[in-house]
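S.K.: So here's input06.csv, just CSV, C-alpha atoms and all ligand atoms:
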chain,number,residue,atom,x,y,z
H,50,MET,CA,21.7,-23.9,24.5
H,51,ALA,CA,22.0,-23.9,20.8
H,52,GLY,CA,20.1,-21.2,19.1
H,53,HIS,CA,18.6,-21.3,15.7
H,54,ASP,CA,18.1,-18.7,13.0
H,55,ARG,CA,14.6,-17.6,11.9
H,56,MET,CA,13.9,-15.7,8.8
H,57,PHE,CA,11.0,-13.3,8.5
H,58,LYS,CA,9.8,-11.3,5.6
H,59,VAL,CA,9.0,-7.7,6.6
H,60,LEU,CA,7.4,-5.3,4.2
H,61,VAL,CA,8.3,-1.6,4.2
H,62,VAL,CA,5.8,0.5,2.4
H,63,GLY,CA,4.7,4.1,2.2
H,64,ASP,CA,4.8,7.0,-0.3
H,65,ALA,CA,7.9,8.0,-2.2
H,66,ALA,CA,10.7,9.7,-0.4
H,67,VAL,CA,9.5,9.1,3.1
H,68,GLY,CA,12.7,7.2,4.0
H,69,LYS,CA,12.0,3.5,3.2
H,70,THR,CA,15.3,2.8,1.4
H,71,SER,CA,17.1,4.7,4.1
H,72,LEU,CA,15.4,2.6,6.8
H,73,VAL,CA,16.5,-0.6,5.2
H,74,GLN,CA,20.1,0.7,4.8
H,75,ARG,CA,20.2,1.9,8.3
H,76,TYR,CA,18.8,-1.2,9.8
H,77,SER,CA,20.9,-3.6,7.8
H,78,GLN,CA,24.2,-1.7,7.5
H,79,ASP,CA,23.9,1.1,10.0
H,80,SER,CA,24.5,3.7,7.4
H,81,PHE,CA,22.7,6.8,6.1
H,82,SER,CA,23.0,8.7,2.9
H,83,LYS,CA,21.2,11.8,1.5
H,84,HIS,CA,21.6,10.5,-2.0
H,85,TYR,CA,19.6,7.3,-2.5
H,86,LYS,CA,18.0,7.4,-5.9
H,87,SER,CA,14.3,7.6,-5.6
H,88,THR,CA,12.9,4.1,-6.2
H,89,VAL,CA,9.6,5.3,-7.6
H,90,GLY,CA,10.6,8.5,-9.4
H,91,GLY,CA,9.8,11.3,-7.0
H,92,GLN,CA,6.0,11.4,-6.9
H,93,GLU,CA,4.2,11.4,-3.6
H,94,ARG,CA,1.6,8.9,-4.5
H,95,PHE,CA,-0.1,5.7,-3.5
H,96,THR,CA,0.3,2.7,-5.7
H,97,SER,CA,-1.4,-0.5,-5.0
H,98,MET,CA,1.0,-3.4,-4.6
H,99,THR,CA,0.5,-6.9,-6.1
H,100,ARG,CA,-0.5,-9.8,-4.0
H,101,LEU,CA,2.8,-11.4,-4.9
H,102,TYR,CA,4.7,-8.6,-3.2
H,103,TYR,CA,2.7,-9.1,0.0
H,104,ARG,CA,2.9,-12.9,0.0
H,105,GLU,CA,4.0,-14.6,3.2
H,106,ALA,CA,5.2,-11.5,4.9
H,107,SER,CA,5.2,-11.8,8.7
H,108,ALA,CA,5.0,-8.1,9.4
H,109,CYS,CA,4.8,-4.7,7.9
H,110,VAL,CA,6.2,-1.2,8.4
H,111,ILE,CA,4.2,1.7,7.0
H,112,MET,CA,6.2,4.9,7.0
H,113,PHE,CA,5.3,8.5,6.4
H,114,ASP,CA,7.1,11.8,6.5
H,115,VAL,CA,6.0,13.9,9.5
H,116,THR,CA,6.6,17.1,7.4
H,117,ASN,CA,4.3,15.9,4.6
H,118,ALA,CA,0.6,15.6,5.4
H,119,THR,CA,-0.1,13.8,2.1
H,120,THR,CA,2.2,10.9,3.0
H,121,PHE,CA,0.4,10.7,6.4
H,122,SER,CA,-3.1,10.4,4.9
H,123,ASN,CA,-1.9,8.0,2.2
H,124,SER,CA,-0.8,5.7,5.0
H,125,GLN,CA,-4.4,4.7,5.4
H,126,ARG,CA,-4.5,3.6,1.8
H,127,TRP,CA,-1.3,1.6,2.3
H,128,LYS,CA,-2.8,-0.1,5.4
H,129,GLN,CA,-6.1,-0.9,3.6
H,130,ASP,CA,-4.2,-2.3,0.6
H,131,LEU,CA,-2.1,-4.4,3.0
H,132,ASP,CA,-5.1,-5.7,4.9
H,133,SER,CA,-7.0,-6.6,1.8
H,134,LYS,CA,-4.2,-8.7,0.5
H,135,LEU,CA,-2.5,-10.3,3.4
H,136,THR,CA,-3.5,-12.0,6.7
H,137,LEU,CA,-1.7,-14.4,9.0
H,138,PRO,CA,-2.4,-18.1,8.6
H,139,ASN,CA,-4.9,-17.7,11.5
H,140,GLY,CA,-6.7,-15.0,9.7
H,141,GLU,CA,-5.5,-12.1,11.9
H,142,PRO,CA,-3.9,-9.1,10.3
H,143,VAL,CA,-0.1,-9.1,10.2
H,144,PRO,CA,1.6,-6.9,12.8
H,145,CYS,CA,2.1,-3.5,11.3
H,146,LEU,CA,3.9,-0.5,12.8
H,147,LEU,CA,3.3,3.0,11.8
H,148,LEU,CA,6.5,5.0,11.7
H,149,ALA,CA,6.4,8.8,11.8
H,150,ASN,CA,9.8,9.4,10.1
H,151,LYS,CA,12.0,12.4,9.8
H,152,CYS,CA,11.1,13.5,13.3
H,153,ASP,CA,14.4,15.5,13.3
H,154,LEU,CA,12.7,18.0,11.0
H,155,THR,CA,10.4,20.8,11.8
H,156,PRO,CA,7.6,21.8,11.5
H,157,TRP,CA,5.6,18.7,11.7
H,158,ALA,CA,2.5,18.7,9.4
H,159,VAL,CA,0.6,16.4,11.8
H,160,THR,CA,0.1,16.4,15.5
H,161,ARG,CA,0.9,13.5,17.8
H,162,ASP,CA,-2.8,13.3,18.7
H,163,GLN,CA,-3.7,12.9,15.1
H,164,ILE,CA,-1.2,10.2,14.6
H,165,ASP,CA,-2.3,8.4,17.7
H,166,ARG,CA,-6.0,8.5,16.7
H,167,PHE,CA,-5.1,7.5,13.2
H,168,SER,CA,-3.0,4.5,14.4
H,169,LYS,CA,-5.8,3.2,16.6
H,170,GLU,CA,-8.6,3.8,14.0
H,171,ASN,CA,-6.6,1.9,11.4
H,172,GLY,CA,-5.6,-1.1,13.3
H,173,PHE,CA,-1.9,-0.5,13.6
H,174,THR,CA,0.0,-2.5,16.1
H,175,GLY,CA,1.5,0.7,17.4
H,176,TRP,CA,3.3,3.8,16.2
H,177,THR,CA,6.4,5.8,17.1
H,178,GLU,CA,8.4,8.7,15.7
H,179,THR,CA,11.7,7.8,14.0
H,180,SER,CA,14.6,9.5,12.4
H,181,VAL,CA,16.5,7.3,10.1
H,182,LYS,CA,18.9,10.1,9.7
H,183,GLU,CA,19.7,10.4,13.4
H,184,ASN,CA,19.2,6.7,14.0
H,185,LYS,CA,16.4,7.5,16.4
H,186,ASN,CA,14.1,4.6,17.5
H,187,ILE,CA,15.0,2.5,14.5
H,188,ASN,CA,16.5,-0.6,16.2
H,189,GLU,CA,14.0,-0.2,19.0
H,190,ALA,CA,11.0,-0.1,16.7
H,191,MET,CA,12.3,-3.1,14.7
H,192,ARG,CA,12.8,-5.0,17.9
H,193,VAL,CA,9.2,-4.5,18.8
H,194,LEU,CA,8.2,-5.9,15.4
H,195,VAL,CA,10.6,-8.9,15.8
H,196,GLU,CA,9.2,-9.7,19.2
H,197,LYS,CA,5.7,-9.5,17.8
H,198,MET,CA,6.6,-11.9,14.9
H,199,MET,CA,8.2,-14.3,17.3
H,200,MET,CA,5.1,-14.3,19.4
H,201,ASN,CA,2.9,-14.9,16.4
H,202,SER,CA,5.1,-17.8,15.4
H,203,GLY,CA,4.8,-19.3,18.8
H,204,ASP,CA,8.4,-18.7,19.9
H,205,GLY,CA,8.0,-16.2,22.6
H,206,LEU,CA,5.7,-14.3,24.9
H,207,GLY,CA,5.3,-10.8,26.0
H,208,THR,CA,3.0,-7.9,26.4
H,209,LEU,CA,3.2,-5.8,23.4
H,210,PRO,CA,0.8,-3.1,22.2
H,211,SER,CA,-1.7,-4.1,19.5
H,212,GLN,CA,-4.3,-1.4,19.8
H,213,GLY,CA,-2.5,1.3,17.9
H,214,ASP,CA,-1.0,2.8,21.0
H,215,TYR,CA,2.1,5.0,21.0
H,216,ILE,CA,5.1,2.9,21.7
H,217,ASN,CA,7.3,4.5,24.2
H,218,LEU,CA,10.8,3.3,23.4
H,219,GLN,CA,12.6,5.4,25.9
H,220,PRO,CA,14.6,3.4,28.4
H,221,GLY,CA,15.4,4.8,31.8
H,222,PRO,CA,13.8,7.4,34.0
H,223,THR,CA,12.5,9.9,31.4
H,224,PRO,CA,8.9,8.9,30.7
H,225,GLY,CA,7.1,11.2,28.3
H,226,TRP,CA,10.3,12.2,26.5
H,227,THR,CA,9.7,12.9,22.9
H,228,CYS,CA,11.9,13.2,19.9
H,229,CYS,CA,13.2,16.7,18.9
R,301,LIG,P1,12.1,6.2,-0.1
R,301,LIG,O1,11.7,6.8,-1.5
R,301,LIG,O2,10.9,6.1,0.8
R,301,LIG,O3,12.9,5.0,-0.3
R,301,LIG,O4,13.0,7.3,0.6
R,301,LIG,P2,14.5,7.5,0.7
R,301,LIG,O5,15.1,6.5,1.7
R,301,LIG,O6,15.1,7.4,-0.7
R,301,LIG,O7,14.7,8.9,1.4
R,301,LIG,C1,14.2,10.1,0.7
R,301,LIG,C2,15.0,11.3,1.2
R,301,LIG,O8,14.7,11.5,2.6
R,301,LIG,C3,16.5,11.1,1.1
R,301,LIG,O9,17.1,12.3,0.8
R,301,LIG,C4,16.9,10.7,2.6
R,301,LIG,O10,18.2,11.1,2.9
R,301,LIG,C5,15.9,11.5,3.4
R,301,LIG,N1,15.6,10.9,4.7
R,301,LIG,C6,15.3,9.7,5.0
R,301,LIG,N2,15.1,9.5,6.3
R,301,LIG,C7,15.2,10.7,6.9
R,301,LIG,C8,15.1,11.2,8.2
R,301,LIG,O11,14.9,10.5,9.2
R,301,LIG,N3,15.4,12.6,8.4
R,301,LIG,C9,15.7,13.4,7.3
R,301,LIG,N4,15.9,14.7,7.6
R,301,LIG,N5,15.8,13.0,6.1
R,301,LIG,C10,15.6,11.6,5.8
R,302,MG,MG,13.3,3.9,-2.0
Represent the structure from my file as structure tokens, please.
Ligand code: GDP
Ligand code: MG
M.R.:
Amino acid sequence: MAGHDRMFKVLVVGDAAVGKTSLVQRYSQDSFSKHYKSTVGGQERFTSMTRLYYREASACVIMFDVTNATTFSNSQRWKQDLDSKLTLPNGEPVPCLLLANKCDLTPWAVTRDQIDRFSKENGFTGWTETSVKENKNINEAMRVLVEKMMMNSGDGLGTLPSQGDYINLQPGPTPGWTCC
């Protein structure tokens, strides 16, 4: 059966230095560098994006740094900004994953319980811990998002979380396994 290509616009937002550029590099080229020039200039701050940037996106990734509590709390502002400016054609919010990045580092500034509650309260599709550096959960998380987008575009079906739940990406017989 002949396949066909689909193109989706996926936004990646979050505070400076949480790993957004690294995520895109990792996912598109499977590479990682410690030396990306900061896109914004180094501040940890929230900046509202223009409607034009959000336009016609099919999904969103909001990323924070698990070692930096400010980037975590700012995720709420990123989510609110997104929801105020973008909905699917049917009026639903776009699928949005919360990625708790840099899970290879310790100590974490937030607990898994806090993240879980936050994810549910703020209407995320789901959340998981990632390490772009160690290529942990990146492809898996993006696959969840792609499946969700396909579902929204009427191409597929499945049972995916949409209540902010933790997304357990571990295959095999080790339920409850957590990163690091
Ligand atoms: P952006 O400003 O959100 O685009 O962040 P960058 O992608 O430029 O990353 C900021 C810094 O964090 C860089 O030095 C990256 O190498 C580093 N970084 C990104 N992801 C990870 C990760 O998963 N673990 C660790 N330890 N460092 C990371
Ligand atoms: Mg960047």
S.K.: Mind listing as a list in words all residues within 10 Å of (21.0, 16.8, 15.5), counting all atoms listed in the file?
M.R.: Asp153, Leu154, Lys182, Glu183 and Cys229 of chain H
S.K.: For the residues in the current selection, export C-alpha atoms as a short mmCIF file (atom, residue, chain, number, x, y, z; two decimals), in the frame of the given file.
M.R.:
data_model
loop_
_atom_site.label_atom_id
_atom_site.label_comp_id
_atom_site.auth_asym_id
_atom_site.auth_seq_id
_atom_site.Cartn_x
_atom_site.Cartn_y
_atom_site.Cartn_z
CA ASP H 153 14.40 15.50 13.30
CA LEU H 154 12.70 18.00 11.00
CA LYS H 182 18.90 10.10 9.70
CA GLU H 183 19.70 10.40 13.40
CA CYS H 229 13.20 16.70 18.90
#
S.K.: For Arg192 in chain H, find every residue with an atom within 12 Å (counting only C-alpha atoms), except residues of its own chain fewer than 2 positions away, and show them as JSON, numbers by chain.
M.R.: {"H": [76, 108, 146, 186, 187, 188, 189, 190, 194, 195, 196, 197, 198, 199, 209, 216, 218]}
S.K.: Quick one: residues within 12 Å of Arg55 in chain H, only C-alpha atoms counted, chain neighbours fewer than 2 positions away excluded, as a PyMOL selection string?
M.R.: chain H and resi 52-53+57-58+107+195+198-199+202+204
S.K.: For a cutoff of 12 Å around the file-coordinate point (-3.6, -14.4, 10.6), which residues qualify once you count only C-alpha atoms? I'd like the result as a list in words.
M.R.: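 Residues with an atom close enough to that point: Glu105, Ala106, Ser107, Ala108, Asp132, Lys134, Leu135, Thr136, Leu137, Pro138, Asn139, Gly140, Glu141, Pro142, Val143, Pro144, Met198, Asn201 and Ser202 of chain H.
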S.K.: At a cut-off of 8 Å around ligand LIG 301 (chain R), and using all atoms listed in the file, what residues come up? Please write them as a PyMOL selection string.
M.R.: chain H and resi 62-72+81-89+91+112+150-154+179-185
S.K.: When you draw a straight line from CA of Thr174 in chain H to CA of Thr119 in chain H, how long is it in Å?
M.R.: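 Interatomic distance, CA of Thr174 in chain H to CA of Thr119 in chain H: 21.5 Å.
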S.K.: Rank nothing, just name the residue among H:Met98, H:Val73, H:Val159, H:Leu60 nearest to ligand MG 302 (chain R), using only C-alpha atoms and all ligand atoms.
M.R.: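 Closest to ligand MG 302 (chain R) of all the choices is H:Val73.
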S.K.: Provide the CA of Gln212 in chain H to CA of Thr96 in chain H distance in Å, to one decimal place.
M.R.: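 About the pair CA of Gln212 in chain H and CA of Thr96 in chain H: they are 26.2 Å apart.
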S.K.: Counting all atoms listed in the file, which residue out of H:Asp214, H:Val61, H:Asp162, H:Thr120 sits closest to ligand MG 302 (chain R)?
M.R.: H:Val61
S.K.: Could you state the separation of CA of Val193 in chain H and CA of Ser133 in chain H in Å, given to one decimal place?
M.R.: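 Here the two named atoms are 23.6 Å from each other.
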S.K.: Which polymer residues have any atom within 9 Å of an atom of Lys128 in chain H, counting all atoms listed in the file, with same-chain residues fewer than 6 positions away left out, as a PyMOL selection string?
M.R.: chain H and resi 111+145+171-173
S.K.: Would you mind listing what lies within 10 Å of Lys169 in chain H as a PyMOL selection string, with all atoms listed in the file counted and same-chain residues fewer than 6 positions away left out?
M.R.: chain H and resi 175-176+211-215
S.K.: With distances taken over all atoms listed in the file, which of H:Gln74, H:Cys109, H:Leu147, H:Ser168 is nearest to ligand MG 302 (chain R)?
M.R.: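 Among the listed residues, H:Gln74 lies closest to ligand MG 302 (chain R).
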S.K.: When distances are computed from all atoms listed in the file, which of H:Asp79, H:Thr99, H:Thr116, H:Met191 shows the smallest separation from Thr160 in chain H?
M.R.: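 Of the candidates, the smallest distance to Thr160 in chain H is held by H:Thr116.
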